[in-house]
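A.B. asks: Please find protein30.cif (mmCIF, C-alpha atoms and all ligand atoms) on the next line:
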data_upload
#
loop_
_atom_site.label_atom_id
_atom_site.label_comp_id
_atom_site.auth_asym_id
_atom_site.auth_seq_id
_atom_site.Cartn_x
_atom_site.Cartn_y
_atom_site.Cartn_z
CA MET X 29 5.48 -44.84 -8.34
CA THR X 30 4.32 -46.68 -5.26
CA LEU X 31 3.79 -44.55 -2.18
CA PRO X 32 7.22 -45.36 -0.64
CA GLU X 33 8.84 -44.61 -4.02
CA MET X 34 7.10 -41.27 -4.16
CA GLU X 35 8.10 -40.49 -0.57
CA GLU X 36 11.71 -41.18 -1.46
CA PHE X 37 11.46 -39.07 -4.60
CA LEU X 38 10.08 -36.16 -2.59
CA SER X 39 12.65 -36.52 0.16
CA HIS X 40 15.37 -36.13 -2.49
CA LEU X 41 13.70 -32.81 -3.32
CA GLY X 42 13.85 -31.87 0.34
CA ARG X 43 10.08 -32.17 0.77
CA GLU X 44 8.12 -33.76 3.58
CA LYS X 45 7.10 -37.41 3.13
CA TYR X 46 3.45 -36.74 3.87
CA ARG X 47 3.22 -34.73 0.64
CA ALA X 48 3.29 -38.07 -1.19
CA ARG X 49 0.06 -39.05 0.53
CA GLN X 50 -1.55 -35.79 -0.55
CA ILE X 51 -0.51 -36.39 -4.16
CA PHE X 52 -1.70 -40.01 -4.05
CA LYS X 53 -5.12 -38.91 -2.82
CA TRP X 54 -5.46 -36.40 -5.61
CA MET X 55 -4.48 -39.02 -8.17
CA TYR X 56 -6.40 -42.02 -6.92
CA ARG X 57 -9.35 -40.53 -5.07
CA LYS X 58 -10.09 -37.60 -7.36
CA GLY X 59 -8.52 -38.70 -10.62
CA THR X 60 -6.44 -35.54 -10.96
CA VAL X 61 -3.86 -35.74 -13.74
CA HIS X 62 -2.22 -32.31 -13.34
CA PHE X 63 -0.08 -31.29 -10.37
CA GLU X 64 -1.24 -27.69 -10.86
CA GLU X 65 -4.72 -28.70 -9.69
CA MET X 66 -3.48 -30.05 -6.33
CA THR X 67 -4.46 -26.96 -4.45
CA ASP X 68 -3.32 -28.02 -1.01
CA LEU X 69 0.28 -27.99 -2.26
CA ALA X 70 2.19 -24.70 -2.34
CA ARG X 71 2.27 -23.13 -5.80
CA SER X 72 6.09 -23.24 -5.91
CA PHE X 73 6.03 -26.94 -5.09
CA ARG X 74 3.44 -27.63 -7.79
CA GLU X 75 5.62 -25.83 -10.31
CA GLU X 76 8.75 -27.66 -9.24
CA ILE X 77 7.18 -31.09 -9.35
CA SER X 78 5.49 -30.38 -12.70
CA SER X 79 8.91 -29.70 -14.18
CA LEU X 80 10.31 -32.98 -12.86
CA ALA X 81 7.48 -35.48 -13.10
CA ARG X 82 4.21 -36.07 -14.82
CA ILE X 83 1.15 -38.18 -14.28
CA GLY X 84 0.75 -40.73 -17.05
CA THR X 85 -2.70 -41.69 -18.22
CA VAL X 86 -4.41 -44.29 -20.33
CA GLU X 87 -7.26 -43.04 -22.49
CA ILE X 88 -10.47 -44.95 -23.07
CA ALA X 89 -10.63 -45.12 -26.86
CA ASP X 90 -13.70 -47.30 -27.27
CA SER X 91 -16.21 -49.35 -25.32
CA THR X 92 -18.74 -52.00 -26.23
CA THR X 93 -21.55 -53.46 -24.19
CA SER X 94 -22.62 -57.08 -24.44
CA ARG X 95 -26.23 -58.28 -24.39
CA ASP X 96 -25.51 -59.67 -20.89
CA GLY X 97 -24.27 -56.28 -19.61
CA THR X 98 -20.55 -57.08 -19.79
CA ARG X 99 -18.58 -54.06 -20.97
CA LYS X 100 -15.30 -54.13 -22.84
CA PHE X 101 -12.99 -51.10 -22.89
CA LEU X 102 -10.19 -50.39 -25.30
CA TYR X 103 -7.45 -48.11 -23.99
CA THR X 104 -4.81 -46.24 -25.90
CA LEU X 105 -1.42 -46.08 -24.25
CA GLU X 106 0.89 -43.11 -24.66
CA ASP X 107 2.89 -44.85 -27.42
CA GLY X 108 -0.27 -45.67 -29.35
CA LEU X 109 -0.51 -49.35 -28.39
CA THR X 110 -3.89 -50.57 -27.27
CA VAL X 111 -5.04 -52.95 -24.53
CA GLU X 112 -8.42 -54.02 -23.25
CA SER X 113 -10.17 -54.54 -19.94
CA VAL X 114 -13.51 -56.13 -19.25
CA LEU X 115 -16.09 -55.05 -16.70
CA LEU X 116 -18.22 -57.93 -15.50
CA ARG X 117 -21.49 -57.36 -13.74
CA GLU X 118 -21.95 -59.29 -10.49
CA ARG X 119 -25.16 -59.07 -8.48
CA ASN X 120 -24.78 -55.51 -7.21
CA HIS X 121 -21.24 -54.54 -8.08
CA TRP X 122 -18.61 -55.00 -10.77
CA THR X 123 -15.49 -57.05 -11.31
CA LEU X 124 -12.84 -55.56 -13.55
CA CYS X 125 -10.49 -57.78 -15.53
CA VAL X 126 -7.36 -55.79 -16.42
CA SER X 127 -4.46 -56.37 -18.79
CA THR X 128 -0.84 -56.52 -17.68
CA GLN X 129 0.93 -56.68 -21.05
CA ALA X 130 0.26 -55.40 -24.55
CA GLY X 131 -0.04 -58.80 -26.20
CA CYS X 132 1.44 -61.93 -24.70
CA ARG X 133 4.30 -64.27 -25.52
CA MET X 134 2.93 -67.39 -23.86
CA GLY X 135 1.23 -68.66 -27.00
CA CYS X 136 -1.63 -70.65 -25.42
CA ARG X 137 -3.34 -72.24 -28.38
CA PHE X 138 -6.87 -71.49 -27.25
CA CYS X 139 -6.24 -67.76 -26.80
CA LEU X 140 -6.62 -64.99 -29.33
CA THR X 141 -4.31 -62.62 -27.40
CA GLY X 142 -1.52 -65.19 -27.67
CA THR X 143 -1.65 -65.16 -31.46
CA PHE X 144 -0.31 -61.58 -31.62
CA GLY X 145 2.85 -62.12 -29.57
CA LEU X 146 4.16 -59.72 -26.93
CA LYS X 147 4.48 -56.06 -27.84
CA ARG X 148 5.63 -54.87 -24.44
CA ASN X 149 5.08 -54.99 -20.70
CA LEU X 150 2.68 -52.49 -19.19
CA ARG X 151 4.13 -50.09 -16.65
CA PRO X 152 2.53 -50.01 -13.17
CA GLY X 153 0.64 -46.82 -14.05
CA GLU X 154 -0.76 -48.40 -17.19
CA ILE X 155 -2.14 -51.28 -15.13
CA THR X 156 -3.61 -49.08 -12.40
CA GLY X 157 -4.62 -46.57 -15.07
CA GLN X 158 -7.21 -49.01 -16.44
CA VAL X 159 -8.86 -48.94 -13.02
CA THR X 160 -8.52 -45.19 -12.53
CA ALA X 161 -9.92 -44.41 -15.97
CA LEU X 162 -13.12 -46.30 -15.20
CA ARG X 163 -13.55 -45.41 -11.54
CA LEU X 164 -12.80 -41.73 -11.84
CA GLY X 165 -12.62 -40.91 -15.52
CA ILE X 166 -16.23 -41.46 -16.54
CA PRO X 167 -19.36 -39.96 -15.00
CA GLU X 168 -20.97 -42.28 -12.44
CA GLY X 169 -17.97 -44.62 -12.60
CA PRO X 170 -18.84 -48.20 -11.70
CA ASP X 171 -18.55 -49.62 -8.19
CA ILE X 172 -15.63 -51.95 -8.86
CA ARG X 173 -15.38 -54.39 -6.00
CA ASN X 174 -13.05 -57.05 -7.40
CA LEU X 175 -10.03 -56.93 -9.67
CA VAL X 176 -8.71 -59.83 -11.68
CA LEU X 177 -5.37 -59.55 -13.46
CA MET X 178 -6.47 -61.91 -16.17
CA GLY X 179 -6.86 -59.73 -19.26
CA MET X 180 -4.24 -59.51 -21.97
CA GLY X 181 -0.82 -60.81 -20.95
CA GLU X 182 0.73 -63.09 -18.38
CA PRO X 183 1.00 -61.11 -15.12
CA LEU X 184 3.94 -63.06 -13.74
CA ASP X 185 5.89 -62.42 -16.95
CA ASN X 186 5.79 -58.73 -15.95
CA TYR X 187 6.37 -59.43 -12.30
CA ASP X 188 7.96 -56.26 -10.93
CA ASN X 189 5.50 -53.91 -12.60
CA VAL X 190 2.52 -56.04 -11.57
CA LEU X 191 3.73 -56.09 -8.00
CA ARG X 192 4.14 -52.32 -7.96
CA ALA X 193 0.67 -51.94 -9.45
CA ILE X 194 -0.74 -54.19 -6.70
CA ARG X 195 0.98 -52.01 -4.09
CA ILE X 196 -0.68 -48.90 -5.54
CA LEU X 197 -4.07 -50.59 -5.89
CA THR X 198 -4.03 -51.80 -2.28
CA ASP X 199 -2.57 -48.65 -0.72
CA ASP X 200 -5.05 -46.85 1.53
CA CYS X 201 -4.07 -43.60 -0.15
CA GLY X 202 -4.25 -45.29 -3.56
CA HIS X 203 -7.28 -47.24 -4.74
CA GLY X 204 -7.61 -48.93 -1.35
CA PHE X 205 -8.52 -52.41 -2.60
CA SER X 206 -8.23 -55.22 -0.13
CA ASN X 207 -5.76 -57.94 -1.16
CA ARG X 208 -8.51 -60.52 -0.96
CA ARG X 209 -10.39 -58.63 -3.66
CA ILE X 210 -7.50 -58.96 -6.12
CA THR X 211 -6.72 -62.13 -8.06
CA VAL X 212 -3.61 -62.68 -10.13
CA SER X 213 -3.89 -65.34 -12.79
CA THR X 214 -0.99 -67.26 -14.28
CA CYS X 215 -0.66 -69.75 -17.09
CA GLY X 216 1.97 -71.53 -15.03
CA LEU X 217 5.19 -69.57 -14.51
CA ALA X 218 5.96 -71.84 -11.58
CA PRO X 219 9.13 -70.12 -10.26
CA ALA X 220 7.31 -66.79 -9.85
CA ILE X 221 4.51 -68.26 -7.73
CA PRO X 222 6.59 -68.43 -4.51
CA ASP X 223 7.68 -64.84 -5.21
CA LEU X 224 4.06 -63.72 -5.38
CA SER X 225 3.31 -65.62 -2.20
CA ARG X 226 6.21 -63.88 -0.44
CA ASP X 227 5.63 -60.39 -1.83
CA SER X 228 1.84 -60.04 -1.69
CA ALA X 229 -1.33 -61.40 -0.15
CA VAL X 230 -3.48 -61.53 -3.28
CA ASN X 231 -5.45 -64.52 -4.55
CA LEU X 232 -3.90 -66.89 -7.03
CA ALA X 233 -5.64 -68.31 -10.08
CA VAL X 234 -3.96 -70.86 -12.32
CA SER X 235 -5.02 -71.48 -15.87
CA LEU X 236 -4.64 -75.28 -15.86
CA ASN X 237 -6.68 -76.68 -18.75
CA ALA X 238 -5.30 -80.23 -18.73
CA PRO X 239 -4.73 -82.99 -16.18
CA ASP X 240 -1.61 -84.45 -17.83
CA ASP X 241 1.57 -83.08 -19.36
CA GLU X 242 0.95 -84.45 -22.81
CA THR X 243 -2.37 -82.63 -23.24
CA ARG X 244 -1.09 -79.51 -21.52
CA ASN X 245 2.02 -79.41 -23.71
CA ARG X 246 -0.27 -79.31 -26.72
CA LEU X 247 -2.35 -76.45 -25.37
CA MET X 248 0.16 -74.37 -23.43
CA PRO X 249 3.82 -74.19 -24.48
CA ILE X 250 4.81 -72.98 -20.99
CA ASN X 251 4.17 -76.52 -19.76
CA ARG X 252 7.25 -77.80 -21.58
CA LYS X 253 9.34 -75.53 -19.39
CA TYR X 254 7.41 -75.92 -16.15
CA PRO X 255 5.47 -79.19 -16.23
CA LEU X 256 2.53 -79.99 -14.00
CA ALA X 257 4.63 -81.46 -11.18
CA ALA X 258 6.55 -78.17 -10.79
CA LEU X 259 3.39 -76.08 -11.13
CA LEU X 260 1.43 -78.07 -8.57
CA ALA X 261 4.37 -78.07 -6.13
CA ALA X 262 4.43 -74.26 -6.30
CA CYS X 263 0.65 -74.13 -5.80
CA ARG X 264 0.78 -76.41 -2.76
CA ASP X 265 3.28 -74.02 -1.17
CA TYR X 266 1.29 -70.86 -1.94
CA GLU X 267 0.52 -69.28 1.40
CA MET X 268 -3.05 -68.15 1.97
CA PRO X 269 -5.27 -67.35 4.91
CA LEU X 270 -7.27 -70.43 5.96
CA ARG X 271 -10.51 -69.62 4.22
CA ARG X 272 -8.97 -68.79 0.86
CA ARG X 273 -8.43 -71.19 -1.99
CA ILE X 274 -6.52 -71.26 -5.24
CA THR X 275 -8.74 -71.05 -8.30
CA PHE X 276 -7.94 -73.43 -11.12
CA GLU X 277 -9.34 -72.33 -14.45
CA TYR X 278 -10.07 -75.18 -16.82
CA ILE X 279 -11.19 -74.32 -20.33
CA LEU X 280 -13.22 -77.25 -21.61
CA ILE X 281 -12.41 -78.00 -25.24
CA LYS X 282 -14.36 -80.58 -27.16
CA GLY X 283 -12.42 -83.80 -27.74
CA VAL X 284 -9.22 -82.40 -26.27
CA ASN X 285 -9.52 -82.21 -22.47
CA ASP X 286 -13.19 -82.81 -21.69
CA SER X 287 -13.54 -86.57 -21.19
CA VAL X 288 -14.72 -88.24 -18.01
CA ALA X 289 -11.35 -90.03 -17.74
CA GLN X 290 -9.62 -86.63 -17.84
CA ALA X 291 -11.94 -85.31 -15.14
CA GLN X 292 -10.95 -88.28 -12.98
CA GLU X 293 -7.29 -87.56 -13.63
CA LEU X 294 -7.81 -83.91 -12.76
CA ALA X 295 -9.34 -84.91 -9.43
CA ARG X 296 -6.29 -87.08 -8.71
CA LEU X 297 -3.93 -84.26 -9.67
CA LEU X 298 -5.58 -81.72 -7.38
CA ARG X 299 -6.14 -84.00 -4.42
CA GLY X 300 -5.12 -82.22 -1.23
CA VAL X 301 -4.82 -78.74 -2.82
CA ARG X 302 -7.11 -76.15 -1.21
CA CYS X 303 -8.86 -75.04 -4.37
CA LYS X 304 -11.95 -74.47 -6.42
CA ILE X 305 -12.25 -75.26 -10.10
CA ASN X 306 -13.79 -72.94 -12.65
CA LEU X 307 -14.89 -74.83 -15.73
CA ILE X 308 -15.04 -72.52 -18.72
CA PRO X 309 -16.61 -73.93 -21.87
CA PHE X 310 -14.33 -72.85 -24.72
CA ASN X 311 -15.23 -69.43 -26.07
CA GLU X 312 -14.95 -69.66 -29.82
CA PHE X 313 -13.44 -66.78 -31.80
CA PRO X 314 -13.22 -66.38 -35.57
CA GLU X 315 -9.76 -67.94 -36.05
CA SER X 316 -10.10 -70.64 -33.38
CA GLU X 317 -9.37 -74.28 -34.18
CA PHE X 318 -11.26 -75.60 -31.14
CA ARG X 319 -14.91 -76.15 -30.29
CA ARG X 320 -17.04 -75.99 -27.20
CA PRO X 321 -18.29 -79.29 -25.69
CA THR X 322 -22.03 -79.96 -25.40
CA ASP X 323 -23.87 -79.06 -22.19
CA GLU X 324 -24.16 -82.79 -21.38
CA GLU X 325 -20.40 -83.29 -21.74
CA ILE X 326 -19.73 -80.27 -19.54
CA GLU X 327 -22.09 -81.52 -16.86
CA ALA X 328 -20.59 -85.03 -16.93
CA PHE X 329 -17.11 -83.53 -16.43
CA ARG X 330 -18.29 -81.38 -13.56
CA ASN X 331 -20.11 -84.26 -11.87
CA VAL X 332 -16.90 -86.29 -11.62
CA LEU X 333 -15.29 -83.43 -9.70
CA VAL X 334 -18.28 -82.71 -7.49
CA GLU X 335 -18.60 -86.40 -6.57
CA ARG X 336 -15.01 -86.21 -5.36
CA ASN X 337 -15.85 -83.23 -3.14
CA PHE X 338 -14.34 -80.49 -5.27
CA THR X 339 -16.06 -77.16 -5.69
CA ALA X 340 -16.47 -77.00 -9.46
CA ILE X 341 -18.43 -74.22 -11.10
CA VAL X 342 -19.30 -73.87 -14.75
CA ARG X 343 -18.67 -70.23 -15.64
CA ALA X 344 -21.11 -68.83 -18.10
CA GLY X 345 -19.17 -67.14 -20.88
CA LYS X 346 -19.80 -63.45 -20.32
CA GLY X 347 -19.44 -60.96 -23.14
CA LEU X 348 -19.24 -63.61 -25.86
CA ASP X 349 -21.02 -61.48 -28.43
CA ILE X 350 -18.44 -58.67 -28.10
CA LEU X 351 -15.35 -60.94 -27.91
CA ALA X 352 -14.84 -60.01 -24.26
CA ALA X 353 -14.81 -63.51 -22.77
CA CYS X 354 -11.73 -65.43 -21.56
CA GLY X 355 -9.18 -65.87 -24.33
CA GLN X 356 -10.95 -63.55 -26.75
CA LEU X 357 -9.18 -60.23 -26.13
CA SER X 358 -7.31 -58.81 -29.09
CA GLY X 359 -6.68 -55.15 -28.25
CA ARG X 360 -7.93 -54.37 -31.73
CA ARG X 361 -10.23 -51.55 -32.64
CA ARG X 362 -13.63 -52.37 -34.05
CA PRO X 363 -13.82 -52.01 -37.80
CA GLU X 364 -15.15 -48.58 -38.78
S1 LIG N 1 -4.21 -67.37 -22.05
FE1 LIG N 1 -3.15 -65.70 -20.98
S2 LIG N 1 -1.02 -66.45 -20.87
FE2 LIG N 1 -2.01 -67.69 -22.45
S3 LIG N 1 -1.60 -66.61 -24.39
FE3 LIG N 1 -3.58 -65.86 -23.61
S4 LIG N 1 -3.09 -64.00 -22.46
FE4 LIG N 1 -1.18 -65.18 -22.71
#
Can you turn what I pasted into structure tokens?
Ligand code: SF4
C.D. replies:
Amino acid sequence: MTLPEMEEFLSHLGREKYRARQIFKWMYRKGTVHFEEMTDLARSFREEISSLARIGTVEIADSTTSRDGTRKFLYTLEDGLTVESVLLRERNHWTLCVSTQAGCRMGCRFCLTGTFGLKRNLRPGEITGQVTALRLGIPEGPDIRNLVLMGMGEPLDNYDNVLRAIRILTDDCGHGFSNRRITVSTCGLAPAIPDLSRDSAVNLAVSLNAPDDETRNRLMPINRKYPLAALLAACRDYEMPLRRRITFEYILIKGVNDSVAQAQELARLLRGVRCKINLIPFNEFPESEFRRPTDEEIEAFRNVLVERNFTAIVRAGKGLDILAACGQLSGRRRPE
């Protein structure tokens, strides 16, 4: 429940609204998962609410640490499904990349998650639960400063639950994240982008990966439904404070989308969009059909963009050795 939803729930029980804030603080500041432990609530109230509601949790089932310090966590959901999140070390804090669906039905050809199909949408508490489990569930929980909804799943394909999760994550009585510290990534569900712009103030990232429809159709089936013209039109209308920009993610795949001519086309496509471009050399995984370009090819691609005054950054693949990098999440347990 978001805070207003919990207030409404409590008012139906004839309780004061401010009790919702007390419960939120127990849940999201202290990590309490039992109403009985909320000692500033009357015992009778704790008993009543325990009989009507419960606090769902996600359990950390496994974690692995990469040579570069990136940590990958596997969570078990209450029905036994598993999802992953990735904790990325920045200079003096952490960024957490969380999942929004168990699996994904978007079928991007460069992505391991996409090969498993969609099992189900995550509920709001299962999205926020990945954050709570790390912040409050382990001793000396990490100082998570930024959240990216970029793990398993397409966030805008689970729109209502993602929005409710954002409301909980940004609530002062919840996790208290600032909207500018949260980024929602989409593979291109163009009609939902104006909704996100209207309903929230979070950052938008778009997984673009090609400068033309023909190449993008090959890589990302969603492009057949919402081609680049529709996607870019939605991006141009995305409302942001002046200093913010849309992030375009571009996975560089050898011989597919990494030529200088394609970089020039990309620059033409993005002309006039307030944006930065993250170039991600393809992260190979065991079943992948694609390869990573050479460092020279990556640099040549980037130079075309930089010469045309774009901010283009090559993102070092973090967590490659533990299959925690972009497109490598499987939600599978490690072999025993
Ligand atoms: S890249 Fe994202 S949207 Fe595409 S299949 Fe993978 S998880 Fe789904």
A.B. asks: Which residues sit within 8 Å of ligand LIG 1 (chain N), counting only C-alpha atoms and all ligand atoms, listed as a list in words?
C.D. replies: Gly131, Cys132, Arg133, Met134, Gly135, Cys136, Arg137, Phe138, Cys139, Leu140, Thr141, Gly142, Thr143, Met178, Gly179, Met180, Gly181, Glu182, Thr214, Cys215, Ser235, Met248, Cys354 and Gly355 of chain X
A.B. asks: Mind dumping the selected residues with C-alpha atoms as a PDB file, in the coordinates of the input?
C.D. replies:
ATOM      1  CA  GLY X 131      -0.040 -58.800 -26.200  1.00  0.00           C
ATOM      2  CA  CYS X 132       1.440 -61.930 -24.700  1.00  0.00           C
ATOM      3  CA  ARG X 133       4.300 -64.270 -25.520  1.00  0.00           C
ATOM      4  CA  MET X 134       2.930 -67.390 -23.860  1.00  0.00           C
ATOM      5  CA  GLY X 135       1.230 -68.660 -27.000  1.00  0.00           C
ATOM      6  CA  CYS X 136      -1.630 -70.650 -25.420  1.00  0.00           C
ATOM      7  CA  ARG X 137      -3.340 -72.240 -28.380  1.00  0.00           C
ATOM      8  CA  PHE X 138      -6.870 -71.490 -27.250  1.00  0.00           C
ATOM      9  CA  CYS X 139      -6.240 -67.760 -26.800  1.00  0.00           C
ATOM     10  CA  LEU X 140      -6.620 -64.990 -29.330  1.00  0.00           C
ATOM     11  CA  THR X 141      -4.310 -62.620 -27.400  1.00  0.00           C
ATOM     12  CA  GLY X 142      -1.520 -65.190 -27.670  1.00  0.00           C
ATOM     13  CA  THR X 143      -1.650 -65.160 -31.460  1.00  0.00           C
ATOM     14  CA  MET X 178      -6.470 -61.910 -16.170  1.00  0.00           C
ATOM     15  CA  GLY X 179      -6.860 -59.730 -19.260  1.00  0.00           C
ATOM     16  CA  MET X 180      -4.240 -59.510 -21.970  1.00  0.00           C
ATOM     17  CA  GLY X 181      -0.820 -60.810 -20.950  1.00  0.00           C
ATOM     18  CA  GLU X 182       0.730 -63.090 -18.380  1.00  0.00           C
ATOM     19  CA  THR X 214      -0.990 -67.260 -14.280  1.00  0.00           C
ATOM     20  CA  CYS X 215      -0.660 -69.750 -17.090  1.00  0.00           C
ATOM     21  CA  SER X 235      -5.020 -71.480 -15.870  1.00  0.00           C
ATOM     22  CA  MET X 248       0.160 -74.370 -23.430  1.00  0.00           C
ATOM     23  CA  CYS X 354     -11.730 -65.430 -21.560  1.00  0.00           C
ATOM     24  CA  GLY X 355      -9.180 -65.870 -24.330  1.00  0.00           C
TER      25      GLY X 355
END
A.B. asks: In terms of the shortest atom-to-atom distance over all atoms listed in the file, which of X:Leu146, X:Leu280, X:Ala352, X:Ala328 is closest to Pro309 of chain X?
C.D. replies: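 Nearest to Pro309 of chain X: X:Leu280.
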A.B. asks: Considering all atoms listed in the file, state which residue in the set X:Lys253, X:Arg47, X:Arg360, X:His203 is at the smallest distance from Ala161 of chain X.
C.D. replies: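 Nearest to Ala161 of chain X: X:His203.
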A.B. asks: Given the choices X:Arg302, X:Lys282, X:Lys346, X:Arg119, which gets closest to Arg319 of chain X if the distance is worked out from all atoms listed in the file?
C.D. replies: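 Checking each candidate against Arg319 of chain X, we get X:Lys282 as the closest.
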A.B. asks: Find the spatial neighbours of Asn149 of chain X, counting all atoms listed in the file, within a cut-off of 10 Å - ignore same-chain residues fewer than 3 positions away - and output them as a ChimeraX atom specification.
C.D. replies: /X:127-132,146,152,154-155,181-183,185-187,189-190
A.B. asks: Return the single residue from X:Arg264, X:Arg173, X:Arg148, X:Arg71 that is closest to Ser206 of chain X, with distances computed using only C-alpha atoms.
C.D. replies: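 For Ser206 of chain X, the nearest of the candidates is X:Arg173.
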A.B. asks: So that I can see what lies close to segment 266-275 of chain X, please list as an mmCIF file with C-alpha atoms, keeping the file's coordinate frame the residues with an atom at most 7 Å from it, counting all atoms listed in the file and leaving out residues fewer than 2 positions away in the same chain.
C.D. replies:
data_model
loop_
_atom_site.group_PDB
_atom_site.id
_atom_site.type_symbol
_atom_site.label_atom_id
_atom_site.label_comp_id
_atom_site.auth_asym_id
_atom_site.auth_seq_id
_atom_site.Cartn_x
_atom_site.Cartn_y
_atom_site.Cartn_z
ATOM 1 C CA PRO X 222 6.590 -68.430 -4.510
ATOM 2 C CA SER X 225 3.310 -65.620 -2.200
ATOM 3 C CA ASN X 231 -5.450 -64.520 -4.550
ATOM 4 C CA LEU X 232 -3.900 -66.890 -7.030
ATOM 5 C CA ALA X 233 -5.640 -68.310 -10.080
ATOM 6 C CA VAL X 234 -3.960 -70.860 -12.320
ATOM 7 C CA ALA X 262 4.430 -74.260 -6.300
ATOM 8 C CA CYS X 263 0.650 -74.130 -5.800
ATOM 9 C CA ARG X 264 0.780 -76.410 -2.760
ATOM 10 C CA GLU X 277 -9.340 -72.330 -14.450
ATOM 11 C CA ARG X 302 -7.110 -76.150 -1.210
ATOM 12 C CA CYS X 303 -8.860 -75.040 -4.370
ATOM 13 C CA LYS X 304 -11.950 -74.470 -6.420
ATOM 14 C CA ILE X 305 -12.250 -75.260 -10.100
ATOM 15 C CA ASN X 306 -13.790 -72.940 -12.650
#
